[in-house]
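For reference, input_24.cif (mmCIF, C-alpha atoms and all ligand atoms):
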data_my_file
loop_
_atom_site.label_atom_id
_atom_site.label_comp_id
_atom_site.auth_asym_id
_atom_site.auth_seq_id
_atom_site.Cartn_x
_atom_site.Cartn_y
_atom_site.Cartn_z
CA MET A 10 77.92 -92.33 -65.86
CA GLN A 11 79.10 -95.55 -64.26
CA GLY A 12 82.12 -97.07 -66.00
CA ARG A 13 82.76 -94.13 -68.33
CA ASP A 14 85.97 -92.16 -68.85
CA LEU A 15 86.37 -88.42 -68.27
CA LEU A 16 88.86 -87.18 -70.86
CA THR A 17 87.21 -83.88 -71.91
CA LEU A 18 84.01 -82.02 -71.05
CA ALA A 19 83.18 -82.11 -74.76
CA ASP A 20 82.55 -85.87 -74.41
CA LEU A 21 79.89 -85.36 -71.71
CA SER A 22 76.31 -84.22 -72.26
CA ALA A 23 75.05 -81.07 -70.54
CA THR A 24 72.91 -83.44 -68.45
CA ASP A 25 76.03 -85.35 -67.33
CA ILE A 26 77.74 -82.08 -66.34
CA HIS A 27 74.69 -80.87 -64.38
CA ARG A 28 74.51 -84.26 -62.67
CA LEU A 29 78.19 -84.08 -61.63
CA LEU A 30 77.66 -80.54 -60.32
CA ALA A 31 74.59 -81.60 -58.35
CA THR A 32 76.50 -84.51 -56.81
CA ALA A 33 79.41 -82.18 -55.97
CA LYS A 34 77.01 -79.80 -54.18
CA THR A 35 75.49 -82.66 -52.19
CA LEU A 36 78.96 -83.86 -51.18
CA LYS A 37 80.07 -80.34 -50.32
CA SER A 38 77.09 -79.90 -48.03
CA ALA A 39 78.48 -82.80 -45.96
CA GLY A 40 81.55 -80.71 -45.07
CA VAL A 41 85.16 -80.44 -46.15
CA LYS A 42 87.43 -82.26 -43.71
CA ALA A 43 86.71 -84.79 -40.95
CA ALA A 44 82.97 -84.08 -41.16
CA ALA A 45 82.89 -85.16 -44.80
CA ALA A 46 84.64 -88.45 -44.12
CA ALA A 47 82.34 -89.28 -41.23
CA VAL A 48 79.14 -89.10 -43.29
CA SER A 49 79.41 -92.19 -45.46
CA GLN A 50 82.03 -94.20 -47.24
CA PRO A 51 80.42 -95.31 -50.51
CA LEU A 52 83.76 -96.12 -52.15
CA ALA A 53 84.96 -98.53 -49.44
CA GLY A 54 86.81 -101.34 -51.22
CA TYR A 55 87.57 -99.26 -54.35
CA THR A 56 91.12 -98.22 -55.33
CA LEU A 57 92.27 -95.19 -57.33
CA ALA A 58 95.65 -95.25 -59.10
CA MET A 59 97.22 -91.84 -59.70
CA ILE A 60 99.79 -91.20 -62.44
CA PHE A 61 101.60 -87.86 -62.64
CA GLU A 62 103.99 -87.17 -65.51
CA LYS A 63 104.16 -83.52 -64.32
CA PRO A 64 104.13 -81.88 -60.86
CA SER A 65 100.92 -81.12 -58.94
CA LEU A 66 99.66 -79.78 -55.64
CA ARG A 67 95.87 -79.44 -56.04
CA THR A 68 95.15 -82.42 -58.30
CA ARG A 69 97.29 -84.82 -56.29
CA ALA A 70 96.00 -83.66 -52.92
CA THR A 71 92.32 -83.42 -53.81
CA PHE A 72 92.08 -86.76 -55.60
CA ALA A 73 93.83 -88.51 -52.71
CA ILE A 74 91.85 -86.74 -49.98
CA GLY A 75 88.58 -87.11 -51.89
CA MET A 76 89.03 -90.83 -52.48
CA GLN A 77 89.93 -91.37 -48.82
CA GLN A 78 86.94 -89.34 -47.59
CA LEU A 79 84.68 -91.57 -49.68
CA GLY A 80 86.22 -94.63 -48.01
CA GLY A 81 88.46 -95.70 -50.90
CA GLN A 82 92.18 -96.34 -51.21
CA VAL A 83 94.79 -94.53 -53.29
CA VAL A 84 97.99 -95.74 -54.89
CA ASP A 85 100.25 -92.95 -56.18
CA LEU A 86 102.32 -94.48 -58.98
CA GLN A 87 105.55 -92.60 -59.18
CA ALA A 88 106.48 -91.52 -62.69
CA GLU A 89 110.15 -92.42 -62.26
CA HIS A 90 109.19 -96.02 -61.46
CA LEU A 91 106.40 -96.24 -64.01
CA GLN A 92 108.33 -94.74 -66.96
CA MET A 93 105.19 -95.12 -69.05
CA GLY A 94 106.09 -95.74 -72.69
CA VAL A 95 109.75 -96.30 -71.83
CA ARG A 96 109.96 -99.22 -69.41
CA GLU A 97 106.80 -100.69 -70.93
CA THR A 98 104.16 -99.58 -73.39
CA VAL A 99 101.17 -97.48 -72.36
CA PRO A 100 98.73 -100.27 -73.40
CA ASP A 101 100.62 -102.71 -71.18
CA VAL A 102 100.49 -100.29 -68.22
CA ALA A 103 96.71 -100.10 -68.78
CA ARG A 104 96.35 -103.89 -69.02
CA ASN A 105 98.18 -104.32 -65.70
CA LEU A 106 96.45 -101.58 -63.77
CA GLU A 107 92.92 -102.66 -64.72
CA ARG A 108 93.59 -105.97 -62.95
CA TRP A 109 94.31 -104.25 -59.62
CA VAL A 110 92.50 -100.95 -59.37
CA ASP A 111 89.03 -99.56 -60.14
CA VAL A 112 89.86 -96.15 -61.64
CA ILE A 113 92.95 -94.34 -62.97
CA MET A 114 93.54 -90.59 -62.78
CA ALA A 115 96.45 -89.48 -64.97
CA ARG A 116 98.23 -86.17 -65.60
CA VAL A 117 100.10 -86.52 -68.87
CA PHE A 118 102.13 -84.48 -71.34
CA GLU A 119 100.27 -85.77 -74.40
CA HIS A 120 96.50 -86.15 -74.41
CA ALA A 121 96.91 -89.19 -76.68
CA THR A 122 98.38 -91.07 -73.70
CA LEU A 123 95.00 -90.78 -71.94
CA GLU A 124 93.23 -92.04 -75.05
CA VAL A 125 95.54 -95.06 -75.21
CA LEU A 126 94.97 -95.79 -71.50
CA ALA A 127 91.21 -95.52 -72.08
CA GLU A 128 91.36 -97.80 -75.09
CA HIS A 129 93.26 -100.54 -73.28
CA ALA A 130 91.77 -100.44 -69.76
CA ALA A 131 88.15 -101.37 -69.12
CA ILE A 132 88.07 -99.19 -65.98
CA PRO A 133 87.37 -95.40 -65.98
CA ILE A 134 90.25 -93.10 -66.95
CA VAL A 135 90.11 -89.54 -65.58
CA ASN A 136 92.11 -86.68 -67.10
CA GLY A 137 94.06 -84.86 -64.39
CA LEU A 138 95.47 -82.40 -67.01
CA SER A 139 96.86 -82.95 -70.48
CA ASP A 140 98.20 -80.64 -73.17
CA TYR A 141 94.62 -80.51 -74.53
CA THR A 142 92.24 -80.13 -71.58
CA HIS A 143 91.73 -79.99 -67.79
CA PRO A 144 88.11 -81.10 -67.27
CA CYS A 145 88.23 -81.63 -63.49
CA GLN A 146 89.49 -78.07 -63.06
CA ILE A 147 86.62 -76.68 -65.12
CA LEU A 148 83.99 -78.70 -63.23
CA ALA A 149 85.29 -77.08 -60.03
CA ASP A 150 85.35 -73.70 -61.76
CA ILE A 151 81.74 -73.99 -62.94
CA LEU A 152 80.72 -74.93 -59.40
CA THR A 153 82.58 -71.84 -58.15
CA MET A 154 81.00 -69.57 -60.75
CA GLN A 155 77.53 -70.87 -59.87
CA GLU A 156 78.18 -70.24 -56.17
CA HIS A 157 79.15 -66.63 -56.84
CA LYS A 158 76.96 -65.77 -59.84
CA GLY A 159 74.01 -68.17 -59.73
CA ASN A 160 72.67 -69.33 -63.08
CA LEU A 161 75.41 -68.89 -65.69
CA ALA A 162 73.06 -68.39 -68.66
CA GLY A 163 73.82 -64.97 -70.13
CA ARG A 164 76.96 -64.47 -68.02
CA LYS A 165 80.25 -63.53 -69.69
CA LEU A 166 83.53 -65.24 -68.87
CA ALA A 167 86.64 -63.44 -70.14
CA TYR A 168 89.78 -65.56 -70.38
CA VAL A 169 92.99 -63.56 -70.79
CA GLY A 170 96.44 -65.03 -71.44
CA ASP A 171 97.58 -68.27 -73.04
CA GLY A 172 95.03 -70.20 -75.11
CA TYR A 173 96.10 -73.60 -73.83
CA ASN A 174 94.59 -76.53 -71.90
CA VAL A 175 92.57 -74.55 -69.32
CA ALA A 176 91.24 -72.10 -71.95
CA ASN A 177 90.33 -75.05 -74.18
CA SER A 178 88.33 -76.68 -71.39
CA LEU A 179 86.59 -73.41 -70.49
CA LEU A 180 85.53 -73.15 -74.15
CA PHE A 181 84.08 -76.66 -74.04
CA GLY A 182 82.32 -75.75 -70.77
CA ALA A 183 80.82 -72.67 -72.45
CA GLY A 184 79.74 -74.74 -75.43
CA LYS A 185 78.01 -77.26 -73.17
CA LEU A 186 76.44 -74.94 -70.58
CA GLY A 187 75.77 -71.82 -72.62
CA TYR A 188 77.78 -69.12 -70.81
CA HIS A 189 79.34 -66.54 -73.13
CA MET A 190 83.10 -66.56 -73.45
CA ALA A 191 85.65 -64.11 -74.81
CA VAL A 192 89.24 -65.31 -75.15
CA GLY A 193 91.95 -62.65 -75.38
CA CYS A 194 95.43 -63.85 -76.36
CA PRO A 195 98.39 -62.74 -78.43
CA GLU A 196 97.48 -63.96 -81.91
CA ALA A 197 100.00 -66.81 -81.96
CA TYR A 198 98.65 -68.09 -78.63
CA LEU A 199 94.91 -68.26 -79.38
CA PRO A 200 93.35 -71.69 -78.77
CA PRO A 201 93.92 -74.03 -81.72
CA GLU A 202 91.43 -73.98 -84.59
CA HIS A 203 90.28 -77.57 -83.94
CA VAL A 204 89.37 -76.64 -80.35
CA VAL A 205 87.49 -73.53 -81.45
CA ALA A 206 85.63 -75.49 -84.12
CA ARG A 207 84.63 -78.17 -81.62
CA ALA A 208 83.52 -75.55 -79.07
CA ARG A 209 81.54 -73.66 -81.73
CA GLY A 210 79.79 -76.90 -82.68
CA LEU A 211 78.73 -77.35 -79.04
CA ALA A 212 77.79 -73.67 -78.71
CA ALA A 213 75.39 -73.95 -81.64
CA GLU A 214 73.30 -76.24 -79.43
CA SER A 215 73.58 -74.34 -76.13
CA GLY A 216 73.37 -70.79 -77.48
CA ALA A 217 76.78 -69.75 -76.12
CA THR A 218 78.67 -67.05 -77.99
CA LEU A 219 82.43 -67.48 -78.32
CA GLU A 220 84.68 -64.55 -79.24
CA LEU A 221 88.39 -64.75 -80.02
CA LEU A 222 90.21 -61.46 -79.58
CA SER A 223 93.68 -60.03 -79.24
CA ASP A 224 92.77 -56.89 -77.27
CA PRO A 225 92.74 -57.68 -73.53
CA ILE A 226 90.56 -54.67 -72.68
CA ALA A 227 87.89 -55.62 -75.24
CA THR A 228 88.07 -59.18 -73.90
CA VAL A 229 87.24 -58.28 -70.30
CA ARG A 230 84.71 -55.51 -71.10
CA ASP A 231 81.53 -56.09 -69.05
CA ALA A 232 82.71 -59.55 -68.01
CA ASP A 233 81.19 -61.28 -64.96
CA VAL A 234 84.28 -63.50 -64.63
CA VAL A 235 87.91 -62.70 -65.47
CA TYR A 236 90.04 -65.83 -65.71
CA THR A 237 93.75 -66.30 -66.30
CA ASP A 238 96.34 -69.08 -66.20
CA SER A 239 100.11 -69.39 -66.32
CA TRP A 240 101.90 -67.96 -69.37
CA ILE A 241 104.43 -70.78 -69.17
CA SER A 242 102.58 -74.03 -68.68
CA MET A 243 104.30 -77.20 -67.55
CA GLY A 244 106.21 -78.66 -70.48
CA LEU A 245 106.60 -75.28 -72.25
CA GLU A 246 109.52 -74.00 -70.17
CA ALA A 247 111.83 -73.86 -73.21
CA GLU A 248 109.61 -71.07 -74.59
CA ALA A 249 109.83 -68.98 -71.40
CA ALA A 250 111.85 -66.06 -72.81
CA GLU A 251 109.54 -65.50 -75.79
CA ARG A 252 106.43 -65.89 -73.66
CA GLU A 253 107.67 -63.41 -71.06
CA ARG A 254 108.14 -60.96 -73.94
CA VAL A 255 104.67 -61.25 -75.52
CA PHE A 256 102.29 -61.83 -72.60
CA PRO A 257 102.72 -58.80 -70.26
CA PRO A 258 99.90 -56.75 -71.95
CA TYR A 259 97.59 -59.62 -70.91
CA GLN A 260 98.39 -59.41 -67.20
CA VAL A 261 95.30 -59.41 -64.97
CA ASN A 262 95.91 -56.30 -62.87
CA ALA A 263 93.75 -53.58 -61.29
CA GLU A 264 93.79 -51.47 -64.45
CA LEU A 265 92.55 -54.31 -66.67
CA LEU A 266 89.95 -55.34 -64.09
CA ARG A 267 88.49 -51.81 -64.20
CA HIS A 268 87.01 -52.70 -67.62
CA ALA A 269 85.09 -55.71 -66.32
CA ARG A 270 81.81 -55.44 -64.40
CA PRO A 271 82.40 -53.91 -60.94
CA ASP A 272 81.16 -57.14 -59.33
CA ALA A 273 83.27 -59.42 -61.57
CA ILE A 274 85.03 -62.32 -59.90
CA VAL A 275 88.66 -63.18 -60.69
CA MET A 276 89.65 -66.78 -61.26
CA HIS A 277 92.91 -68.69 -61.72
CA CYS A 278 93.36 -72.45 -61.76
CA LEU A 279 96.67 -72.07 -59.85
CA PRO A 280 99.60 -72.34 -59.45
CA ALA A 281 99.83 -68.56 -59.93
CA HIS A 282 102.98 -66.77 -60.96
CA ARG A 283 102.42 -63.60 -58.98
CA GLY A 284 103.61 -60.50 -60.80
CA MET A 285 103.35 -62.26 -64.16
CA GLU A 286 99.85 -63.27 -65.31
CA ILE A 287 98.23 -61.86 -62.15
CA THR A 288 99.26 -59.17 -59.68
CA ASP A 289 99.31 -59.65 -55.91
CA ASP A 290 96.67 -56.99 -55.30
CA VAL A 291 94.19 -58.70 -57.64
CA MET A 292 94.96 -62.24 -56.50
CA ASP A 293 94.61 -61.23 -52.83
CA GLY A 294 91.82 -58.71 -53.46
CA PRO A 295 88.10 -58.90 -52.72
CA GLN A 296 87.13 -60.06 -56.23
CA SER A 297 89.44 -63.09 -56.20
CA VAL A 298 87.84 -66.53 -55.72
CA VAL A 299 90.94 -68.58 -56.51
CA PHE A 300 90.94 -70.52 -53.24
CA ASP A 301 87.23 -71.30 -53.60
CA GLN A 302 88.19 -72.88 -56.91
CA ALA A 303 90.93 -74.86 -55.18
CA GLU A 304 88.50 -76.09 -52.50
CA ASN A 305 85.94 -77.04 -55.12
CA ARG A 306 88.44 -79.33 -56.84
CA LEU A 307 87.84 -81.63 -53.87
CA HIS A 308 84.05 -81.63 -54.14
CA ALA A 309 83.94 -81.83 -57.94
CA GLN A 310 86.38 -84.74 -58.11
CA LYS A 311 84.62 -86.65 -55.33
CA ALA A 312 81.52 -86.35 -57.54
CA VAL A 313 83.50 -87.63 -60.54
CA LEU A 314 84.81 -90.63 -58.60
CA LEU A 315 81.41 -91.46 -57.15
CA GLU A 316 79.55 -91.12 -60.46
CA LEU A 317 82.10 -93.09 -62.51
CA LEU A 318 82.51 -95.86 -59.95
CA THR A 319 78.99 -96.33 -58.59
CA GLY A 320 76.59 -94.21 -60.64
CA GLY A 321 76.21 -91.54 -57.96
CA CYS A 322 74.59 -90.62 -54.66
CA ASN A 323 71.13 -92.09 -55.17
N1 LIG A 401 95.10 -76.38 -60.87
C1 LIG A 401 95.82 -77.52 -60.78
O1 LIG A 401 95.55 -78.50 -61.48
O2 LIG A 401 96.79 -77.48 -59.83
P1 LIG A 401 97.98 -78.54 -59.69
O3 LIG A 401 98.84 -78.39 -60.92
O4 LIG A 401 98.70 -78.16 -58.44
O5 LIG A 401 97.39 -79.91 -59.61
N1 LIG A 402 98.11 -74.45 -68.01
C1 LIG A 402 98.72 -74.94 -66.79
C2 LIG A 402 97.68 -75.47 -65.87
C3 LIG A 402 98.19 -75.98 -64.56
C4 LIG A 402 97.12 -76.54 -63.68
C5 LIG A 402 99.72 -76.01 -67.14
O1 LIG A 402 99.45 -76.82 -68.04
O2 LIG A 402 100.80 -76.03 -66.54
#

What do you get writing this file as structure tokens?
Ligand code: CP
Ligand code: NVA
Amino acid sequence: MQGRDLLTLADLSATDIHRLLATAKTLKSAGVKAAAAAVSQPLAGYTLAMIFEKPSLRTRATFAIGMQQLGGQVVDLQAEHLQMGVRETVPDVARNLERWVDVIMARVFEHATLEVLAEHAAIPIVNGLSDYTHPCQILADILTMQEHKGNLAGRKLAYVGDGYNVANSLLFGAGKLGYHMAVGCPEAYLPPEHVVARARGLAAESGATLELLSDPIATVRDADVVYTDSWISMGLEAEAAERERVFPPYQVNAELLRHARPDAIVMHCLPAHRGMEITDDVMDGPQSVVFDQAENRLHAQKAVLLELLTGGCN
């Protein structure tokens, strides 16, 4: 995978995804904190530039910590200084950065910004969240699901809430890896048709089944995984009042969870809005694996950096 971009999981082969997951598991086995950094520093001399057009805790922290644990350096380009597309064009930002750094991770409002960066920089571009997808999140999520459920073939993931970037990426993950997925959203908030069509095209190869529903109970019925995300994603704050009106029937609470398998795990990419898309008792309950997901961001993204920069562990 050396030299490639990571803009969506749909662009990777199933073999690429399995390779990233295997590398993440190897890196995780080396430990999380000081122990991980002491093992080896294969990215010594490499530099990661981070661009954030929107706020972040997990993505910012785990990319920085991961790069440092692998021996590399990080430069966090502050959006107010960068003013990408305002102070200078996105292609010109790309043409500058490729002269100084080895990889760019960007969190952007519009996915097209990532595509323009990728087109104009010869170095790898990694999507740290766009309005379209969140591939690094889903790599960490698949790792987490495998840790708790083993082989995902035949498993059912139920996504309840807003059919936006995280749901889109989970659909692409299903299409690539073959887990079954039901998406339950208010009708106006189902994932866009072009995403569903692309995921269905992938699913035809992997054998995944993809269901789009509006009934949250039917969505989670017999699910092995119940997943939710914010009802008001970053950039959509102007729609808050309408969203707070339509989404409450899709809250992941103890009553909804009763319809999933008794051993179902509960997932959330975080940040959570407790009392909105997920209740405290579920988020803090025994079925919740949300902080395993957060930890696995570190391992999954170290694998991404290593594979894109050097071709991997071997
Ligand atoms: N899940 C996630 O990407 O978290 P941040 O927005 O804090 O980076
Ligand atoms: N859907 C959320 C994900 C945050 C990690 C957002 O875009 O804000």

Exercise for review: Throw together the list of residues within 7 Å of ligand LIG 402 (chain A), counting only C-alpha atoms and all ligand atoms, and drop it here as a list in words.
Suggested key: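 Taking only C-alpha atoms and all ligand atoms into account, the residues around ligand LIG 402 (chain A) at most 7 Å away are Leu138, Asp140, Tyr173, Asn174, Val175, Asp238, Ser239, Ile241, Ser242, Met243, Cys278, Leu279 and Pro280 of chain A.
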
Take the residues just selected and output them with C-alpha atoms as a PDB file, in the frame of the given file.
ATOM      1  CA  LEU A 138      95.470 -82.400 -67.010  1.00  0.00           C
ATOM      2  CA  ASP A 140      98.200 -80.640 -73.170  1.00  0.00           C
ATOM      3  CA  TYR A 173      96.100 -73.600 -73.830  1.00  0.00           C
ATOM      4  CA  ASN A 174      94.590 -76.530 -71.900  1.00  0.00           C
ATOM      5  CA  VAL A 175      92.570 -74.550 -69.320  1.00  0.00           C
ATOM      6  CA  ASP A 238      96.340 -69.080 -66.200  1.00  0.00           C
ATOM      7  CA  SER A 239     100.110 -69.390 -66.320  1.00  0.00           C
ATOM      8  CA  ILE A 241     104.430 -70.780 -69.170  1.00  0.00           C
ATOM      9  CA  SER A 242     102.580 -74.030 -68.680  1.00  0.00           C
ATOM     10  CA  MET A 243     104.300 -77.200 -67.550  1.00  0.00           C
ATOM     11  CA  CYS A 278      93.360 -72.450 -61.760  1.00  0.00           C
ATOM     12  CA  LEU A 279      96.670 -72.070 -59.850  1.00  0.00           C
ATOM     13  CA  PRO A 280      99.600 -72.340 -59.450  1.00  0.00           C
TER      14      PRO A 280
END

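Look at segment 312-320 of chain A: the protein and nucleic acid residues within 9 Å of it, using only C-alpha atoms and passing over chain neighbours fewer than 6 places away, are Met10, Gln11, Gly12, Arg13, Asp14, Leu15, Arg28, Leu29, Leu30, Ala31, Thr32, Ala33, Lys34, Thr35, Leu36, Pro51, Leu52, Tyr55, Leu57, Phe72, Gly75, Met76, Leu79, Asp111, Val112, Ile132, Pro133, Val135 and Cys145 of chain A.
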
Identify, on the basis of all atoms listed in the file, every residue whose closest approach to Leu91 of chain A does not exceed 12 Å; exclude the query and any residue fewer than 5 positions from it along the same chain; express the result as a compact mmCIF listing (two decimals) with C-alpha atoms, in the frame of the given file.
# COMPACT_ATOMS: atom_id res chain seq x y z
CA ALA A 58 95.65 -95.25 -59.10
CA MET A 59 97.22 -91.84 -59.70
CA ILE A 60 99.79 -91.20 -62.44
CA PHE A 61 101.60 -87.86 -62.64
CA GLU A 62 103.99 -87.17 -65.51
CA ASP A 85 100.25 -92.95 -56.18
CA LEU A 86 102.32 -94.48 -58.98
CA ARG A 96 109.96 -99.22 -69.41
CA GLU A 97 106.80 -100.69 -70.93
CA THR A 98 104.16 -99.58 -73.39
CA VAL A 99 101.17 -97.48 -72.36
CA ASP A 101 100.62 -102.71 -71.18
CA VAL A 102 100.49 -100.29 -68.22
CA ALA A 103 96.71 -100.10 -68.78
CA ASN A 105 98.18 -104.32 -65.70
CA LEU A 106 96.45 -101.58 -63.77

Exercise for review: Could you tell me which of A:Asp289, A:Asp150, A:Asp20, A:Glu214 comes closest to ligand LIG 401 (chain A) if we count only C-alpha atoms and all ligand atoms?
Suggested key: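 Among the listed residues, the smallest separation from ligand LIG 401 (chain A) belongs to A:Asp150.
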
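Taking atom CA of Gly159 of chain A as the reference point, atom CA of Leu16 of chain A is found at 26.6 Å.
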
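Neighbouring residues of ligand LIG 401 (chain A) at a cut-off of 8 Å, counting all atoms listed in the file, are A:Pro64, A:Ser65, A:Leu66, A:Arg67, A:Thr68, A:Arg69, A:Ala70, A:Gly137, A:Leu138, A:His143, A:Gln146, A:Cys278, A:Leu279, A:Pro280, A:Ala303.
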
Point to revise | A:Val95, A:Lys63, A:Ile113, A:Tyr198 ranked by distance to Val83 of chain A, top pick (using all atoms listed in the file) | key: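 Among A:Val95, A:Lys63, A:Ile113, A:Tyr198, it is A:Ile113 that comes nearest to Val83 of chain A.
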
Cut-off 10 Å: closest segment 95-185 of chain A/segment 261-267 of chain A atom pairs per residue, using only C-alpha atoms, as a Markdown table:
| residue | atom | partner | partner_atom | distance |
| --- | --- | --- | --- | --- |
| A:Tyr168 | CA | A:Val261 | CA | 9.9 |
| A:Val169 | CA | A:Val261 | CA | 7.5 |
| A:Gly170 | CA | A:Val261 | CA | 8.6 |

Point to revise | Straight-line distance linking atom CA of Ala115 of chain A with atom CA of Val275 of chain A, stated in Å to one decimal | key: 27.8 Å

Practice item. Write out as an NGL selection string which residues come within 7 Å of Ala191 of chain A when counting only C-alpha atoms, dropping same-chain ones fewer than 3 positions away. Key: :A and (166-168 or 219-221 or 228)

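You can rank A:Ile74, A:Val298, A:Cys322, A:Ala130 by their closest distance to His157 of chain A using all atoms listed in the file, and at the top of that list sits A:Val298.
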